[in-house]
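S.K.: Input file: coords-v8.tsv. Contents: TSV, N, CA and C atoms.
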chain	number	residue	atom	x	y	z
A	1	MET	N	-17.65	2.77	-67.49
A	1	MET	CA	-16.41	2.62	-66.79
A	1	MET	C	-16.15	1.14	-66.54
A	2	ASN	N	-14.96	0.71	-66.80
A	2	ASN	CA	-14.58	-0.69	-66.65
A	2	ASN	C	-13.66	-0.83	-65.43
A	3	TRP	N	-14.10	-1.62	-64.44
A	3	TRP	CA	-13.32	-1.82	-63.22
A	3	TRP	C	-12.27	-2.90	-63.43
A	4	ASP	N	-11.09	-2.65	-62.89
A	4	ASP	CA	-10.03	-3.65	-62.91
A	4	ASP	C	-10.09	-4.40	-61.57
A	5	TRP	N	-10.72	-5.55	-61.57
A	5	TRP	CA	-10.95	-6.31	-60.33
A	5	TRP	C	-9.65	-6.81	-59.71
A	6	SER	N	-8.60	-6.98	-60.49
A	6	SER	CA	-7.34	-7.44	-59.92
A	6	SER	C	-6.74	-6.37	-59.00
A	7	LEU	N	-6.90	-5.09	-59.35
A	7	LEU	CA	-6.42	-4.02	-58.47
A	7	LEU	C	-7.22	-3.98	-57.17
A	8	ILE	N	-8.51	-4.19	-57.28
A	8	ILE	CA	-9.36	-4.21	-56.08
A	8	ILE	C	-8.99	-5.41	-55.20
A	9	ALA	N	-8.75	-6.54	-55.81
A	9	ALA	CA	-8.36	-7.74	-55.06
A	9	ALA	C	-7.01	-7.54	-54.38
A	10	ASN	N	-6.06	-6.94	-55.10
A	10	ASN	CA	-4.75	-6.65	-54.50
A	10	ASN	C	-4.87	-5.69	-53.33
A	11	ALA	N	-5.71	-4.70	-53.47
A	11	ALA	CA	-5.92	-3.74	-52.39
A	11	ALA	C	-6.56	-4.42	-51.18
A	12	ALA	N	-7.51	-5.31	-51.43
A	12	ALA	CA	-8.17	-6.03	-50.33
A	12	ALA	C	-7.18	-6.94	-49.62
A	13	ILE	N	-6.35	-7.64	-50.38
A	13	ILE	CA	-5.34	-8.52	-49.78
A	13	ILE	C	-4.35	-7.72	-48.96
A	14	THR	N	-3.92	-6.60	-49.48
A	14	THR	CA	-3.00	-5.72	-48.75
A	14	THR	C	-3.63	-5.24	-47.46
A	15	LEU	N	-4.89	-4.88	-47.51
A	15	LEU	CA	-5.60	-4.43	-46.31
A	15	LEU	C	-5.69	-5.54	-45.27
A	16	VAL	N	-6.01	-6.74	-45.69
A	16	VAL	CA	-6.11	-7.87	-44.77
A	16	VAL	C	-4.74	-8.17	-44.15
A	17	CYS	N	-3.69	-8.18	-44.95
A	17	CYS	CA	-2.34	-8.44	-44.44
A	17	CYS	C	-1.91	-7.38	-43.44
A	18	THR	N	-2.22	-6.15	-43.72
A	18	THR	CA	-1.90	-5.06	-42.80
A	18	THR	C	-2.65	-5.24	-41.49
A	19	ALA	N	-3.91	-5.60	-41.57
A	19	ALA	CA	-4.70	-5.82	-40.35
A	19	ALA	C	-4.12	-6.96	-39.53
A	20	VAL	N	-3.69	-8.02	-40.18
A	20	VAL	CA	-3.07	-9.14	-39.47
A	20	VAL	C	-1.81	-8.68	-38.77
A	21	LEU	N	-0.97	-7.93	-39.46
A	21	LEU	CA	0.27	-7.44	-38.86
A	21	LEU	C	0.01	-6.51	-37.69
A	22	VAL	N	-0.97	-5.64	-37.83
A	22	VAL	CA	-1.24	-4.65	-36.79
A	22	VAL	C	-1.90	-5.28	-35.56
A	23	PHE	N	-2.80	-6.22	-35.75
A	23	PHE	CA	-3.57	-6.75	-34.62
A	23	PHE	C	-3.11	-8.12	-34.13
A	24	CYS	N	-2.77	-9.01	-35.02
A	24	CYS	CA	-2.47	-10.39	-34.62
A	24	CYS	C	-1.05	-10.58	-34.12
A	25	VAL	N	-0.09	-9.91	-34.71
A	25	VAL	CA	1.30	-10.11	-34.31
A	25	VAL	C	1.52	-9.71	-32.85
A	26	PRO	N	1.05	-8.55	-32.38
A	26	PRO	CA	1.23	-8.22	-30.96
A	26	PRO	C	0.57	-9.25	-30.02
A	27	VAL	N	-0.59	-9.74	-30.40
A	27	VAL	CA	-1.26	-10.77	-29.58
A	27	VAL	C	-0.42	-12.03	-29.54
A	28	LEU	N	0.12	-12.43	-30.66
A	28	LEU	CA	0.97	-13.62	-30.71
A	28	LEU	C	2.23	-13.43	-29.88
A	29	LYS	N	2.85	-12.27	-29.97
A	29	LYS	CA	4.05	-11.99	-29.17
A	29	LYS	C	3.74	-12.06	-27.69
A	30	ALA	N	2.62	-11.48	-27.28
A	30	ALA	CA	2.23	-11.52	-25.86
A	30	ALA	C	2.00	-12.95	-25.41
A	31	ARG	N	1.38	-13.76	-26.26
A	31	ARG	CA	1.11	-15.16	-25.93
A	31	ARG	C	2.41	-15.93	-25.75
A	32	LEU	N	3.38	-15.70	-26.65
A	32	LEU	CA	4.66	-16.38	-26.53
A	32	LEU	C	5.39	-15.95	-25.27
A	33	SER	N	5.27	-14.69	-24.90
A	33	SER	CA	5.91	-14.21	-23.67
A	33	SER	C	5.28	-14.87	-22.45
A	34	GLU	N	3.96	-15.06	-22.47
A	34	GLU	CA	3.29	-15.73	-21.36
A	34	GLU	C	3.77	-17.17	-21.24
A	35	GLU	N	3.93	-17.85	-22.38
A	35	GLU	CA	4.41	-19.23	-22.36
A	35	GLU	C	5.84	-19.29	-21.83
A	36	LYS	N	6.66	-18.33	-22.21
A	36	LYS	CA	8.05	-18.31	-21.73
A	36	LYS	C	8.09	-18.08	-20.22
A	37	LEU	N	7.24	-17.17	-19.73
A	37	LEU	CA	7.18	-16.91	-18.29
A	37	LEU	C	6.71	-18.15	-17.54
A	38	GLU	N	5.71	-18.83	-18.06
A	38	GLU	CA	5.21	-20.06	-17.43
A	38	GLU	C	6.31	-21.13	-17.39
A	39	LYS	N	7.04	-21.26	-18.48
A	39	LYS	CA	8.13	-22.24	-18.53
A	39	LYS	C	9.20	-21.89	-17.51
A	40	LEU	N	9.53	-20.60	-17.40
A	40	LEU	CA	10.52	-20.16	-16.42
A	40	LEU	C	10.06	-20.45	-15.01
A	41	GLN	N	8.79	-20.17	-14.71
A	41	GLN	CA	8.27	-20.43	-13.37
A	41	GLN	C	8.31	-21.93	-13.05
A	42	ASN	N	8.02	-22.76	-14.03
A	42	ASN	CA	8.07	-24.21	-13.81
A	42	ASN	C	9.50	-24.66	-13.50
A	43	TRP	N	10.47	-24.16	-14.25
A	43	TRP	CA	11.86	-24.53	-14.00
A	43	TRP	C	12.35	-24.00	-12.66
A	44	ILE	N	11.88	-22.83	-12.25
A	44	ILE	CA	12.24	-22.31	-10.93
A	44	ILE	C	11.71	-23.23	-9.85
A	45	ALA	N	10.47	-23.66	-9.98
A	45	ALA	CA	9.88	-24.57	-8.99
A	45	ALA	C	10.67	-25.88	-8.93
A	46	VAL	N	11.02	-26.42	-10.08
A	46	VAL	CA	11.81	-27.66	-10.11
A	46	VAL	C	13.17	-27.44	-9.46
A	47	GLY	N	13.81	-26.32	-9.78
A	47	GLY	CA	15.12	-26.03	-9.21
A	47	GLY	C	15.08	-25.85	-7.71
A	48	VAL	N	14.07	-25.14	-7.21
A	48	VAL	CA	13.95	-24.93	-5.77
A	48	VAL	C	13.73	-26.25	-5.05
A	49	GLN	N	12.86	-27.08	-5.58
A	49	GLN	CA	12.61	-28.38	-4.95
A	49	GLN	C	13.85	-29.27	-5.00
A	50	ALA	N	14.56	-29.25	-6.12
A	50	ALA	CA	15.78	-30.04	-6.24
A	50	ALA	C	16.85	-29.55	-5.28
A	51	ALA	N	17.00	-28.25	-5.15
A	51	ALA	CA	17.98	-27.69	-4.23
A	51	ALA	C	17.65	-28.05	-2.79
A	52	GLU	N	16.38	-28.02	-2.46
A	52	GLU	CA	15.96	-28.39	-1.11
A	52	GLU	C	16.29	-29.86	-0.84
A	53	GLN	N	16.06	-30.70	-1.82
A	53	GLN	CA	16.35	-32.12	-1.67
A	53	GLN	C	17.86	-32.36	-1.56
A	54	LEU	N	18.63	-31.66	-2.36
A	54	LEU	CA	20.07	-31.87	-2.38
A	54	LEU	C	20.77	-31.32	-1.15
A	55	PHE	N	20.38	-30.13	-0.69
A	55	PHE	CA	21.13	-29.45	0.36
A	55	PHE	C	20.44	-29.44	1.71
A	56	GLY	N	19.17	-29.81	1.77
A	56	GLY	CA	18.45	-29.85	3.05
A	56	GLY	C	18.19	-28.46	3.60
A	57	LYS	N	17.91	-28.41	4.91
A	57	LYS	CA	17.60	-27.14	5.57
A	57	LYS	C	18.85	-26.27	5.63
A	58	GLY	N	18.61	-24.95	5.64
A	58	GLY	CA	19.73	-24.01	5.67
A	58	GLY	C	20.38	-23.92	4.29
A	59	GLU	N	21.61	-23.47	4.25
A	59	GLU	CA	22.36	-23.39	2.99
A	59	GLU	C	21.62	-22.56	1.94
A	60	GLY	N	20.92	-21.52	2.36
A	60	GLY	CA	20.10	-20.73	1.45
A	60	GLY	C	20.86	-20.16	0.27
A	61	GLN	N	22.03	-19.60	0.51
A	61	GLN	CA	22.80	-19.00	-0.57
A	61	GLN	C	23.27	-20.08	-1.56
A	62	ARG	N	23.66	-21.21	-1.05
A	62	ARG	CA	24.10	-22.31	-1.92
A	62	ARG	C	22.95	-22.82	-2.79
A	63	LYS	N	21.77	-22.92	-2.20
A	63	LYS	CA	20.60	-23.36	-2.96
A	63	LYS	C	20.25	-22.35	-4.04
A	64	LYS	N	20.31	-21.07	-3.70
A	64	LYS	CA	20.00	-20.02	-4.66
A	64	LYS	C	20.97	-20.08	-5.84
A	65	GLU	N	22.25	-20.24	-5.55
A	65	GLU	CA	23.26	-20.35	-6.61
A	65	GLU	C	23.00	-21.57	-7.49
A	66	TYR	N	22.57	-22.67	-6.88
A	66	TYR	CA	22.26	-23.88	-7.64
A	66	TYR	C	21.12	-23.62	-8.63
A	67	VAL	N	20.04	-23.00	-8.14
A	67	VAL	CA	18.88	-22.74	-9.00
A	67	VAL	C	19.26	-21.76	-10.11
A	68	LEU	N	19.98	-20.71	-9.76
A	68	LEU	CA	20.37	-19.73	-10.78
A	68	LEU	C	21.27	-20.35	-11.83
A	69	SER	N	22.20	-21.21	-11.42
A	69	SER	CA	23.06	-21.85	-12.42
A	69	SER	C	22.26	-22.80	-13.30
A	70	LEU	N	21.25	-23.45	-12.74
A	70	LEU	CA	20.38	-24.32	-13.53
A	70	LEU	C	19.65	-23.50	-14.60
A	71	LEU	N	19.08	-22.37	-14.20
A	71	LEU	CA	18.35	-21.52	-15.13
A	71	LEU	C	19.27	-20.96	-16.21
A	72	LEU	N	20.46	-20.56	-15.82
A	72	LEU	CA	21.42	-20.04	-16.79
A	72	LEU	C	21.85	-21.12	-17.78
A	73	SER	N	22.06	-22.34	-17.28
A	73	SER	CA	22.50	-23.43	-18.16
A	73	SER	C	21.41	-23.83	-19.16
A	74	LYS	N	20.15	-23.65	-18.77
A	74	LYS	CA	19.03	-23.96	-19.67
A	74	LYS	C	18.76	-22.83	-20.66
A	75	GLY	N	19.44	-21.69	-20.47
A	75	GLY	CA	19.23	-20.55	-21.36
A	75	GLY	C	17.92	-19.83	-21.10
A	76	LEU	N	17.34	-20.03	-19.94
A	76	LEU	CA	16.05	-19.41	-19.62
A	76	LEU	C	16.20	-17.97	-19.18
A	77	VAL	N	17.36	-17.61	-18.63
A	77	VAL	CA	17.63	-16.24	-18.20
A	77	VAL	C	19.02	-15.86	-18.66
A	78	HIS	N	19.25	-14.55	-18.68
A	78	HIS	CA	20.55	-14.05	-19.09
A	78	HIS	C	21.27	-13.35	-17.95
A	79	SER	N	20.55	-13.03	-16.90
A	79	SER	CA	21.19	-12.42	-15.73
A	79	SER	C	20.44	-12.82	-14.47
A	80	VAL	N	21.13	-12.74	-13.37
A	80	VAL	CA	20.56	-13.12	-12.08
A	80	VAL	C	19.41	-12.19	-11.70
A	81	ASP	N	19.55	-10.91	-12.01
A	81	ASP	CA	18.53	-9.94	-11.64
A	81	ASP	C	17.19	-10.23	-12.30
A	82	ASP	N	17.21	-10.91	-13.44
A	82	ASP	CA	15.97	-11.21	-14.16
A	82	ASP	C	15.01	-12.08	-13.35
A	83	VAL	N	15.54	-12.95	-12.51
A	83	VAL	CA	14.68	-13.95	-11.89
A	83	VAL	C	14.70	-13.95	-10.36
A	84	THR	N	15.42	-13.03	-9.75
A	84	THR	CA	15.52	-13.05	-8.29
A	84	THR	C	14.16	-12.97	-7.63
A	85	ALA	N	13.29	-12.10	-8.09
A	85	ALA	CA	11.96	-11.96	-7.48
A	85	ALA	C	11.14	-13.23	-7.65
A	86	LEU	N	11.17	-13.84	-8.83
A	86	LEU	CA	10.43	-15.09	-9.05
A	86	LEU	C	10.97	-16.20	-8.17
A	87	LEU	N	12.27	-16.26	-8.05
A	87	LEU	CA	12.91	-17.29	-7.22
A	87	LEU	C	12.52	-17.12	-5.75
A	88	GLU	N	12.61	-15.90	-5.25
A	88	GLU	CA	12.26	-15.65	-3.85
A	88	GLU	C	10.77	-15.94	-3.60
A	89	SER	N	9.94	-15.63	-4.56
A	89	SER	CA	8.51	-15.91	-4.44
A	89	SER	C	8.25	-17.41	-4.34
A	90	GLU	N	8.94	-18.19	-5.15
A	90	GLU	CA	8.78	-19.65	-5.12
A	90	GLU	C	9.24	-20.22	-3.78
A	91	VAL	N	10.35	-19.72	-3.27
A	91	VAL	CA	10.84	-20.19	-1.96
A	91	VAL	C	9.83	-19.83	-0.87
A	92	TYR	N	9.29	-18.62	-0.92
A	92	TYR	CA	8.29	-18.20	0.05
A	92	TYR	C	7.07	-19.12	0.01
A	93	GLN	N	6.57	-19.40	-1.19
A	93	GLN	CA	5.40	-20.28	-1.32
A	93	GLN	C	5.70	-21.68	-0.79
A	94	MET	N	6.90	-22.17	-1.07
A	94	MET	CA	7.27	-23.51	-0.59
A	94	MET	C	7.33	-23.53	0.94
A	95	ASN	N	7.88	-22.47	1.53
A	95	ASN	CA	7.97	-22.39	2.99
A	95	ASN	C	6.60	-22.27	3.63
A	96	GLN	N	5.65	-21.62	2.97
A	96	GLN	CA	4.30	-21.49	3.52
A	96	GLN	C	3.54	-22.81	3.52
A	97	SER	N	3.87	-23.67	2.54
A	97	SER	CA	3.13	-24.93	2.43
A	97	SER	C	3.69	-26.01	3.35
A	98	THR	N	4.84	-25.78	3.96
A	98	THR	CA	5.40	-26.80	4.86
A	98	THR	C	5.14	-26.48	6.29
Any chance you could give the structure as structure tokens?
M.R.:
Amino acid sequence: MNWDWSLIANAAITLVCTAVLVFCVPVLKARLSEEKLEKLQNWIAVGVQAAEQLFGKGEGQRKKEYVLSLLLSKGLVHSVDDVTALLESEVYQMNQST
């Protein structure tokens, strides 16, 4: 019996490519999502600190609108509901540290 090694090589390459798609792509997507979340959290922190500097004490709604418009203009979020919890968390942490 004569083996056709090119068919075996093609099958092995197909198997490796399938394994990469099945296992590596989801890991890569999760990693990119983590990086996006970290970037969003950094911009929220910058926005909250900038709003505090610009508007001072009080003016909570105005500061919130400032941060949300900053995030929207950067294309980091598509709706206000996406980031309200992160924004409130950042404000809470800032208030605890002062």
S.K.: Rank A:Glu38, A:Glu59, A:Glu52, A:Asp4 by their smallest atom-to-atom distance to Met94 in chain A, using only C-alpha atoms, and report the top residue only.
M.R.: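 Checking each of A:Glu38, A:Glu59, A:Glu52, A:Asp4 against Met94 in chain A, counting only C-alpha atoms, the winner is A:Glu52.
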S.K.: Write out as a list in words which residues come within 7 Å of range 66-73 of chain A when counting only C-alpha atoms, dropping same-chain ones fewer than 6 positions away.
M.R.: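 My list of contacting residues is Ile44, Gly47, Val48, Ala51 and Val80 of chain A.
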S.K.: Find the residue from A:Leu40, A:Val16, A:Ala50, A:Ala9 that sits nearest to Val77 in chain A; use only C-alpha atoms when measuring.
M.R.: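 That would be A:Leu40, the residue with the smallest distance to Val77 in chain A.
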S.K.: Going by DSSP on the backbone, which bits of chain A are helix (DSSP H, G or I)? Write them as JSON, numbers by chain, please.
M.R.: {"A": [5, 6, 7, 8, 9, 10, 11, 12, 13, 14, 15, 16, 17, 18, 19, 20, 21, 22, 23, 24, 25, 26, 27, 28, 29, 30, 31, 32, 33, 34, 35, 36, 37, 38, 39, 40, 41, 42, 43, 44, 45, 46, 47, 48, 49, 50, 51, 52, 53, 54, 55, 60, 61, 62, 63, 64, 65, 66, 67, 68, 69, 70, 71, 72, 73, 80, 81, 82, 84, 85, 86, 87, 88, 89, 90, 91, 92, 93, 94, 95, 96, 97]}
S.K.: Find, counting only C-alpha atoms, the residue in A:Val91, A:Val22, A:Ala11, A:Leu76 that gets nearest to Lys63 in chain A.
M.R.: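 Ranking A:Val91, A:Val22, A:Ala11, A:Leu76 by distance to Lys63 in chain A, first place goes to A:Val91.
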S.K.: Between CA of Thr14 in chain A and CA of Ser33 in chain A, measure the distance and give it in Å to one decimal.
M.R.: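 It comes out at 27.9 Å.
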S.K.: Between atom N of Lys39 in chain A and atom C of Gln93 in chain A, what is the spacing in Å?
M.R.: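 Rounded to one decimal, the two atoms are 17.7 Å apart.
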S.K.: So how far away is atom C of Glu65 in chain A from atom N of Lys36 in chain A, in Å?
M.R.: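 Distance reported for this atom pair: 22.2 Å.
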S.K.: With distances taken over only C-alpha atoms, which of A:Phe55, A:Lys64, A:Gln49, A:Asp81 is nearest to Asn95 in chain A?
M.R.: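 Result for the nearest residue to Asn95 in chain A: A:Gln49.
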